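A.B. asks: Quick one: this structure, given as structure tokens, is what I'll be asking you about.
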Amino acid sequence: MWSIYLLVVMVVVAGSLAYAGFYFYGVAIKRAPKEFLGKTPDLKVDPPVAGASWGEGAEWVARQNFREVELVSEDGLKLRGYYLASERAAGRTVIIAHGYSGKAKDMGATAKNYYDNLGYNVLLPDARGHGKSEGDYIGFGWPERRDYLQWIGFILQETGPEAQIVLHGVSMGGSTVLMTAGEQLPPQVKAIVADCGYTSVKAQLTYQLWRMYHLPGFPFVQIASLVTRMKAGYYFGEASALNQVRKARVPILFIHGDADKFVPFAMMDELYGACKSPKEKLVVHGAGHGLAYDTDKREYIRTVGDFVERYIHSPAAADWV
């Protein structure tokens, strides 16, 4: 009799854990409106990872004549991007990665800095599962790193072998460009700027699980990882910006606000310590998640400009703000 009770309990527990895994997949990974972001005290902005600069960027984007471009990912998804050429670029191009549950054109303020102040071409891709790109799940930067290799290839075709490329990402986009950094990059990729990226998907989701639900990571993150492997093709454990940064050879600028409670500020020090390539960091005091630019716009623009221009040949002096 006790063996039957034990079996019933085990079945109930297993069923509950499986339900939890599918539930958390639906909340965090599946392509769907992320209503929980609006209820998160540290993200009282729309879209996520955007403060006052979102309006500035949106107005700038609306005035530009972006060309819609498209490529097909290695696994067959149609990915959409927006390209803006500059007469001043001479092959210099920035590819900008947006944040979780955002879209390409949310990054207008960042694009404006590179286009207006530095004279770069700008490419804004919609990540898979976001914007006009196909995909029914969010990859948190891991499958996207392969997509970014293709976007780099697009720029090489567009501007030729003399291209000089910068990758710049914020939040999930920051981790996306860091994960891309660990791949075999062409020599035309000269620098990477990662703003408030997380160390790994496993670490970030473990942190958020406790923060939002007061639940331990184990076993819920592991079970959700199995569901994600079945539905999206990757495990949380392999999606590590920390591991990728250890392999990076390209110079990296790390940016983070020390008041960030959504992606812990301490993650920047982990990433910075793991990086063996030329590196620099900018800590913006008092900045919450994704708000480094808004909090100290002048220093952000100056630091980014100084860093990327250190590794990229400029045809003319930048007109600094």
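By convention in this document, the chains of the structure tokens carry letters A, B, ... by their order, each chain's residues are numbered from 1, and ligands are numbered from 1 in the order they are shown.
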Give me the residues within 8 Å of A:Val201 as JSON, numbers by chain, counting only C-alpha atoms and dropping any in the same chain fewer than 5 places off.
C.D. replies: {"A": [140, 236, 237, 239, 240]}
A.B. asks: Taking the DSSP secondary structure from the backbone, can you list the residues of stretch 47-222 of chain A that are helix (DSSP H, G or I), as JSON, numbers by chain?
C.D. replies: {"A": [53, 54, 55, 56, 57, 58, 59, 60, 61, 62, 63, 104, 105, 106, 107, 108, 109, 110, 111, 112, 113, 114, 115, 116, 117, 142, 143, 144, 145, 146, 147, 148, 149, 150, 151, 152, 153, 154, 155, 156, 157, 158, 159, 172, 173, 174, 175, 176, 177, 178, 179, 180, 181, 201, 202, 203, 204, 205, 206, 207, 208, 209, 210, 211, 212, 213, 220, 221, 222]}
A.B. asks: Would you mind telling me which residue in A:Gln64, A:Thr110, A:Thr228, A:Ser277 lies nearest to A:Pro251 when using only C-alpha atoms?
C.D. replies: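 Once distances to A:Pro251 are computed over only C-alpha atoms, the minimum belongs to A:Ser277.
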A.B. asks: If we count only C-alpha atoms, what is near A:Thr159 at a cut-off of 9 Å, once residues fewer than 5 positions away on the same chain are taken out, given as a VMD selection string?
C.D. replies: chain A and resid 90 to 93 154
A.B. asks: Can you tell me, as a PyMOL selection string, what residues are no more than 9 Å from A:Arg145 when counting only C-alpha atoms, ignoring any on the same chain fewer than 4 positions away?
C.D. replies: chain A and resi 141+149-150+176-181+183
A.B. asks: Need to verify the contact set: A:Ser200, 12 Å, only C-alpha atoms, exclusion of same-chain residues closer than 5 positions in sequence. Can you return it as a PDB file with N, CA and C atoms, in the first residue's frame?
C.D. replies:
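For reference, out21.pdb as written:
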ATOM      1  N   GLY A 139      15.655  33.511 -27.914  1.00  0.00           N
ATOM      2  CA  GLY A 139      16.890  32.749 -27.734  1.00  0.00           C
ATOM      3  C   GLY A 139      17.840  33.315 -26.700  1.00  0.00           C
ATOM      4  N   PHE A 140      17.525  34.480 -26.141  1.00  0.00           N
ATOM      5  CA  PHE A 140      18.371  35.116 -25.124  1.00  0.00           C
ATOM      6  C   PHE A 140      19.806  35.330 -25.605  1.00  0.00           C
ATOM      7  N   GLY A 141      20.013  35.361 -26.900  1.00  0.00           N
ATOM      8  CA  GLY A 141      21.330  35.641 -27.449  1.00  0.00           C
ATOM      9  C   GLY A 141      22.072  34.437 -27.975  1.00  0.00           C
ATOM     10  N   TRP A 142      21.634  33.222 -27.599  1.00  0.00           N
ATOM     11  CA  TRP A 142      22.414  32.047 -27.985  1.00  0.00           C
ATOM     12  C   TRP A 142      22.217  31.673 -29.457  1.00  0.00           C
ATOM     13  N   SER A 171      21.230  45.079 -22.839  1.00  0.00           N
ATOM     14  CA  SER A 171      20.490  44.062 -22.099  1.00  0.00           C
ATOM     15  C   SER A 171      20.633  42.703 -22.797  1.00  0.00           C
ATOM     16  N   MET A 172      19.548  42.095 -23.250  1.00  0.00           N
ATOM     17  CA  MET A 172      19.676  40.853 -24.001  1.00  0.00           C
ATOM     18  C   MET A 172      20.566  41.067 -25.219  1.00  0.00           C
ATOM     19  N   GLY A 174      23.053  43.105 -25.281  1.00  0.00           N
ATOM     20  CA  GLY A 174      24.421  43.112 -24.772  1.00  0.00           C
ATOM     21  C   GLY A 174      24.980  41.714 -24.655  1.00  0.00           C
ATOM     22  N   SER A 175      24.167  40.795 -24.135  1.00  0.00           N
ATOM     23  CA  SER A 175      24.617  39.405 -24.044  1.00  0.00           C
ATOM     24  C   SER A 175      24.715  38.764 -25.422  1.00  0.00           C
ATOM     25  N   THR A 176      23.847  39.159 -26.339  1.00  0.00           N
ATOM     26  CA  THR A 176      23.916  38.635 -27.707  1.00  0.00           C
ATOM     27  C   THR A 176      25.258  38.954 -28.348  1.00  0.00           C
ATOM     28  N   LEU A 178      28.023  39.694 -26.829  1.00  0.00           N
ATOM     29  CA  LEU A 178      29.084  38.998 -26.096  1.00  0.00           C
ATOM     30  C   LEU A 178      29.146  37.526 -26.500  1.00  0.00           C
ATOM     31  N   MET A 179      27.994  36.911 -26.706  1.00  0.00           N
ATOM     32  CA  MET A 179      27.988  35.526 -27.174  1.00  0.00           C
ATOM     33  C   MET A 179      28.547  35.434 -28.589  1.00  0.00           C
ATOM     34  N   LEU A 205      18.022  33.691 -15.361  1.00  0.00           N
ATOM     35  CA  LEU A 205      16.700  33.151 -15.043  1.00  0.00           C
ATOM     36  C   LEU A 205      16.626  32.660 -13.602  1.00  0.00           C
ATOM     37  N   THR A 206      17.714  32.128 -13.081  1.00  0.00           N
ATOM     38  CA  THR A 206      17.748  31.735 -11.669  1.00  0.00           C
ATOM     39  C   THR A 206      17.520  32.956 -10.778  1.00  0.00           C
ATOM     40  N   TYR A 207      18.198  34.045 -11.116  1.00  0.00           N
ATOM     41  CA  TYR A 207      18.043  35.291 -10.364  1.00  0.00           C
ATOM     42  C   TYR A 207      16.604  35.802 -10.436  1.00  0.00           C
ATOM     43  N   TYR A 235      19.809  24.500 -24.607  1.00  0.00           N
ATOM     44  CA  TYR A 235      19.762  24.417 -23.152  1.00  0.00           C
ATOM     45  C   TYR A 235      20.216  25.749 -22.559  1.00  0.00           C
ATOM     46  N   PHE A 236      19.671  26.097 -21.406  1.00  0.00           N
ATOM     47  CA  PHE A 236      20.103  27.316 -20.732  1.00  0.00           C
ATOM     48  C   PHE A 236      21.597  27.267 -20.407  1.00  0.00           C
ATOM     49  N   GLY A 237      22.074  26.096 -20.010  1.00  0.00           N
ATOM     50  CA  GLY A 237      23.456  25.973 -19.570  1.00  0.00           C
ATOM     51  C   GLY A 237      24.482  26.288 -20.641  1.00  0.00           C
ATOM     52  N   GLU A 238      24.140  26.052 -21.897  1.00  0.00           N
ATOM     53  CA  GLU A 238      25.099  26.324 -22.974  1.00  0.00           C
ATOM     54  C   GLU A 238      25.073  27.790 -23.401  1.00  0.00           C
ATOM     55  N   ALA A 239      24.021  28.499 -23.040  1.00  0.00           N
ATOM     56  CA  ALA A 239      23.850  29.891 -23.470  1.00  0.00           C
ATOM     57  C   ALA A 239      24.572  30.818 -22.503  1.00  0.00           C
ATOM     58  N   SER A 240      25.890  30.852 -22.614  1.00  0.00           N
ATOM     59  CA  SER A 240      26.713  31.559 -21.650  1.00  0.00           C
ATOM     60  C   SER A 240      27.570  32.633 -22.312  1.00  0.00           C
ATOM     61  N   ALA A 241      27.270  33.891 -22.005  1.00  0.00           N
ATOM     62  CA  ALA A 241      28.141  34.975 -22.451  1.00  0.00           C
ATOM     63  C   ALA A 241      29.490  34.892 -21.750  1.00  0.00           C
ATOM     64  N   LEU A 242      29.485  34.398 -20.519  1.00  0.00           N
ATOM     65  CA  LEU A 242      30.727  34.288 -19.750  1.00  0.00           C
ATOM     66  C   LEU A 242      31.718  33.363 -20.447  1.00  0.00           C
ATOM     67  N   ASN A 243      31.250  32.197 -20.881  1.00  0.00           N
ATOM     68  CA  ASN A 243      32.132  31.261 -21.582  1.00  0.00           C
ATOM     69  C   ASN A 243      32.585  31.832 -22.925  1.00  0.00           C
ATOM     70  N   GLN A 244      31.687  32.516 -23.604  1.00  0.00           N
ATOM     71  CA  GLN A 244      32.032  33.065 -24.915  1.00  0.00           C
ATOM     72  C   GLN A 244      33.062  34.196 -24.797  1.00  0.00           C
ATOM     73  N   VAL A 245      32.921  35.012 -23.763  1.00  0.00           N
ATOM     74  CA  VAL A 245      33.866  36.119 -23.570  1.00  0.00           C
ATOM     75  C   VAL A 245      35.287  35.593 -23.323  1.00  0.00           C
ATOM     76  N   VAL A 263      19.272  43.090 -14.263  1.00  0.00           N
ATOM     77  CA  VAL A 263      20.482  42.303 -14.521  1.00  0.00           C
ATOM     78  C   VAL A 263      21.499  42.766 -13.490  1.00  0.00           C
ATOM     79  N   PRO A 264      21.832  41.934 -12.508  1.00  0.00           N
ATOM     80  CA  PRO A 264      22.673  42.398 -11.397  1.00  0.00           C
ATOM     81  C   PRO A 264      23.966  43.048 -11.864  1.00  0.00           C
ATOM     82  N   MET A 267      27.272  41.187 -12.351  1.00  0.00           N
ATOM     83  CA  MET A 267      27.545  40.368 -13.534  1.00  0.00           C
ATOM     84  C   MET A 267      28.577  41.030 -14.443  1.00  0.00           C
ATOM     85  N   MET A 268      28.616  42.367 -14.457  1.00  0.00           N
ATOM     86  CA  MET A 268      29.600  43.034 -15.305  1.00  0.00           C
ATOM     87  C   MET A 268      31.020  42.690 -14.872  1.00  0.00           C
ATOM     88  N   GLU A 270      32.028  39.990 -13.404  1.00  0.00           N
ATOM     89  CA  GLU A 270      32.312  38.607 -13.811  1.00  0.00           C
ATOM     90  C   GLU A 270      32.721  38.565 -15.275  1.00  0.00           C
ATOM     91  N   LEU A 271      31.964  39.255 -16.103  1.00  0.00           N
ATOM     92  CA  LEU A 271      32.255  39.264 -17.540  1.00  0.00           C
ATOM     93  C   LEU A 271      33.578  39.957 -17.826  1.00  0.00           C
TER      94      LEU A 271
END
A.B. asks: How far is it from atom CA of A:Lys202 to atom CA of A:Gly286, in Å with one decimal?
C.D. replies: 26.3 Å
A.B. asks: Which residue, A:Trp151, A:Tyr137, A:Trp60, A:Phe66, has the smallest gap to A:Ile96 when you use only C-alpha atoms?
C.D. replies: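 Nearest candidate to A:Ile96 out of A:Trp151, A:Tyr137, A:Trp60, A:Phe66: A:Trp151.
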A.B. asks: So which one's closest to A:Asn117, A:Tyr100, A:Arg80, A:Gln222, A:Ser86? Using only C-alpha atoms, please.
C.D. replies: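 Going through A:Tyr100, A:Arg80, A:Gln222, A:Ser86 one by one, the smallest distance to A:Asn117 is for A:Ser86.
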A.B. asks: Which residues, written as a list in words, have at least one atom at most 8 Å from A:Lys132, with only C-alpha atoms counted and residues fewer than 2 positions away on the same chain left out?
C.D. replies: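 Contacts, with the query itself left out: Leu79, Arg80, Asp126, His130 and Glu134 of chain A.
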A.B. asks: Would you return as a PyMOL selection string the members of stretch 147-218 of chain A that DSSP assigns to strand (DSSP E) on this structure's backbone?
C.D. replies: chain A and resi 164-170+189-195
A.B. asks: The selected residues should be written to file as a compact mmCIF listing (two decimals), in the first residue's frame (atoms: all heavy atoms).
C.D. replies:
# COMPACT_ATOMS: atom_id res chain seq x y z
N GLN A 164 34.58 48.05 -41.69
CA GLN A 164 34.99 48.04 -40.29
C GLN A 164 33.70 48.02 -39.47
O GLN A 164 32.87 48.93 -39.60
CB GLN A 164 35.82 49.28 -39.95
CG GLN A 164 37.11 49.38 -40.75
CD GLN A 164 37.90 50.61 -40.33
OE1 GLN A 164 38.71 50.58 -39.43
NE2 GLN A 164 37.64 51.73 -41.00
N ILE A 165 33.55 47.00 -38.63
CA ILE A 165 32.26 46.73 -38.00
C ILE A 165 32.36 46.79 -36.48
O ILE A 165 33.29 46.24 -35.89
CB ILE A 165 31.73 45.35 -38.44
CG1 ILE A 165 31.54 45.32 -39.96
CG2 ILE A 165 30.41 45.02 -37.73
CD1 ILE A 165 31.24 43.94 -40.51
N VAL A 166 31.37 47.44 -35.87
CA VAL A 166 31.19 47.45 -34.42
C VAL A 166 29.87 46.75 -34.11
O VAL A 166 28.87 46.97 -34.80
CB VAL A 166 31.15 48.89 -33.87
CG1 VAL A 166 30.81 48.89 -32.38
CG2 VAL A 166 32.48 49.59 -34.11
N LEU A 167 29.85 45.92 -33.08
CA LEU A 167 28.61 45.35 -32.55
C LEU A 167 28.29 46.05 -31.25
O LEU A 167 29.15 46.16 -30.36
CB LEU A 167 28.77 43.85 -32.30
CG LEU A 167 29.26 42.97 -33.46
CD1 LEU A 167 29.31 41.51 -33.02
CD2 LEU A 167 28.39 43.14 -34.69
N HIS A 168 27.06 46.52 -31.11
CA HIS A 168 26.64 47.23 -29.89
C HIS A 168 25.29 46.67 -29.46
O HIS A 168 24.35 46.65 -30.26
CB HIS A 168 26.53 48.73 -30.18
CG HIS A 168 26.29 49.58 -28.98
ND1 HIS A 168 27.04 50.70 -28.69
CD2 HIS A 168 25.39 49.49 -27.96
CE1 HIS A 168 26.62 51.26 -27.57
NE2 HIS A 168 25.60 50.55 -27.11
N GLY A 169 25.19 46.22 -28.22
CA GLY A 169 23.94 45.66 -27.73
C GLY A 169 23.62 46.12 -26.33
O GLY A 169 24.51 46.44 -25.54
N VAL A 170 22.31 46.14 -26.01
CA VAL A 170 21.84 46.55 -24.70
C VAL A 170 20.97 45.44 -24.11
O VAL A 170 20.09 44.90 -24.79
CB VAL A 170 21.02 47.86 -24.77
CG1 VAL A 170 20.53 48.27 -23.38
CG2 VAL A 170 21.86 48.98 -25.38
N VAL A 189 35.41 42.79 -37.97
CA VAL A 189 34.76 43.14 -36.71
C VAL A 189 35.84 43.67 -35.77
O VAL A 189 36.71 42.94 -35.32
CB VAL A 189 34.04 41.93 -36.08
CG1 VAL A 189 33.41 42.32 -34.74
CG2 VAL A 189 32.97 41.40 -37.03
N LYS A 190 35.76 44.97 -35.48
CA LYS A 190 36.85 45.65 -34.79
C LYS A 190 36.61 45.86 -33.30
O LYS A 190 37.56 45.98 -32.53
CB LYS A 190 37.10 47.02 -35.44
CG LYS A 190 37.42 46.97 -36.93
CD LYS A 190 38.71 46.19 -37.20
CE LYS A 190 39.09 46.26 -38.67
NZ LYS A 190 40.32 45.50 -38.97
N ALA A 191 35.35 45.96 -32.87
CA ALA A 191 35.07 46.26 -31.48
C ALA A 191 33.64 45.86 -31.14
O ALA A 191 32.77 45.78 -32.01
CB ALA A 191 35.27 47.75 -31.20
N ILE A 192 33.42 45.64 -29.84
CA ILE A 192 32.09 45.28 -29.33
C ILE A 192 31.79 46.15 -28.11
O ILE A 192 32.66 46.38 -27.26
CB ILE A 192 32.03 43.79 -28.95
CG1 ILE A 192 32.02 42.92 -30.22
CG2 ILE A 192 30.80 43.47 -28.08
CD1 ILE A 192 32.04 41.43 -29.96
N VAL A 193 30.54 46.64 -28.05
CA VAL A 193 30.07 47.41 -26.89
C VAL A 193 28.89 46.65 -26.30
O VAL A 193 27.88 46.44 -26.98
CB VAL A 193 29.65 48.83 -27.28
CG1 VAL A 193 29.16 49.59 -26.05
CG2 VAL A 193 30.81 49.57 -27.95
N ALA A 194 29.02 46.24 -25.03
CA ALA A 194 27.97 45.45 -24.36
C ALA A 194 27.46 46.22 -23.16
O ALA A 194 28.17 46.40 -22.18
CB ALA A 194 28.52 44.09 -23.93
N ASP A 195 26.21 46.66 -23.25
CA ASP A 195 25.59 47.47 -22.21
C ASP A 195 24.64 46.59 -21.40
O ASP A 195 23.67 46.06 -21.93
CB ASP A 195 24.84 48.63 -22.88
CG ASP A 195 24.23 49.62 -21.91
OD1 ASP A 195 24.05 49.27 -20.73
OD2 ASP A 195 23.92 50.74 -22.33
A.B. asks: Find the spatial neighbours of A:Ile138, counting only C-alpha atoms, within a cut-off of 12 Å - ignore same-chain residues fewer than 4 positions away - and output them as a PyMOL selection string.
C.D. replies: chain A and resi 25-34+99-102+126-131+133-134+142-144+172-173+176+201+228+231-234+236
A.B. asks: Check the smallest atom-to-atom distance from each of A:Glu70, A:Lys281, A:Gly182, A:Ala224 to A:Lys247 using only C-alpha atoms, then report the winner.
C.D. replies: A:Gly182
A.B. asks: Here is a test: counting only C-alpha atoms, which residue of A:Tyr300, A:Tyr272, A:Tyr311, A:Tyr120 is nearest to A:Gly257?
C.D. replies: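 Closest candidate: A:Tyr300.
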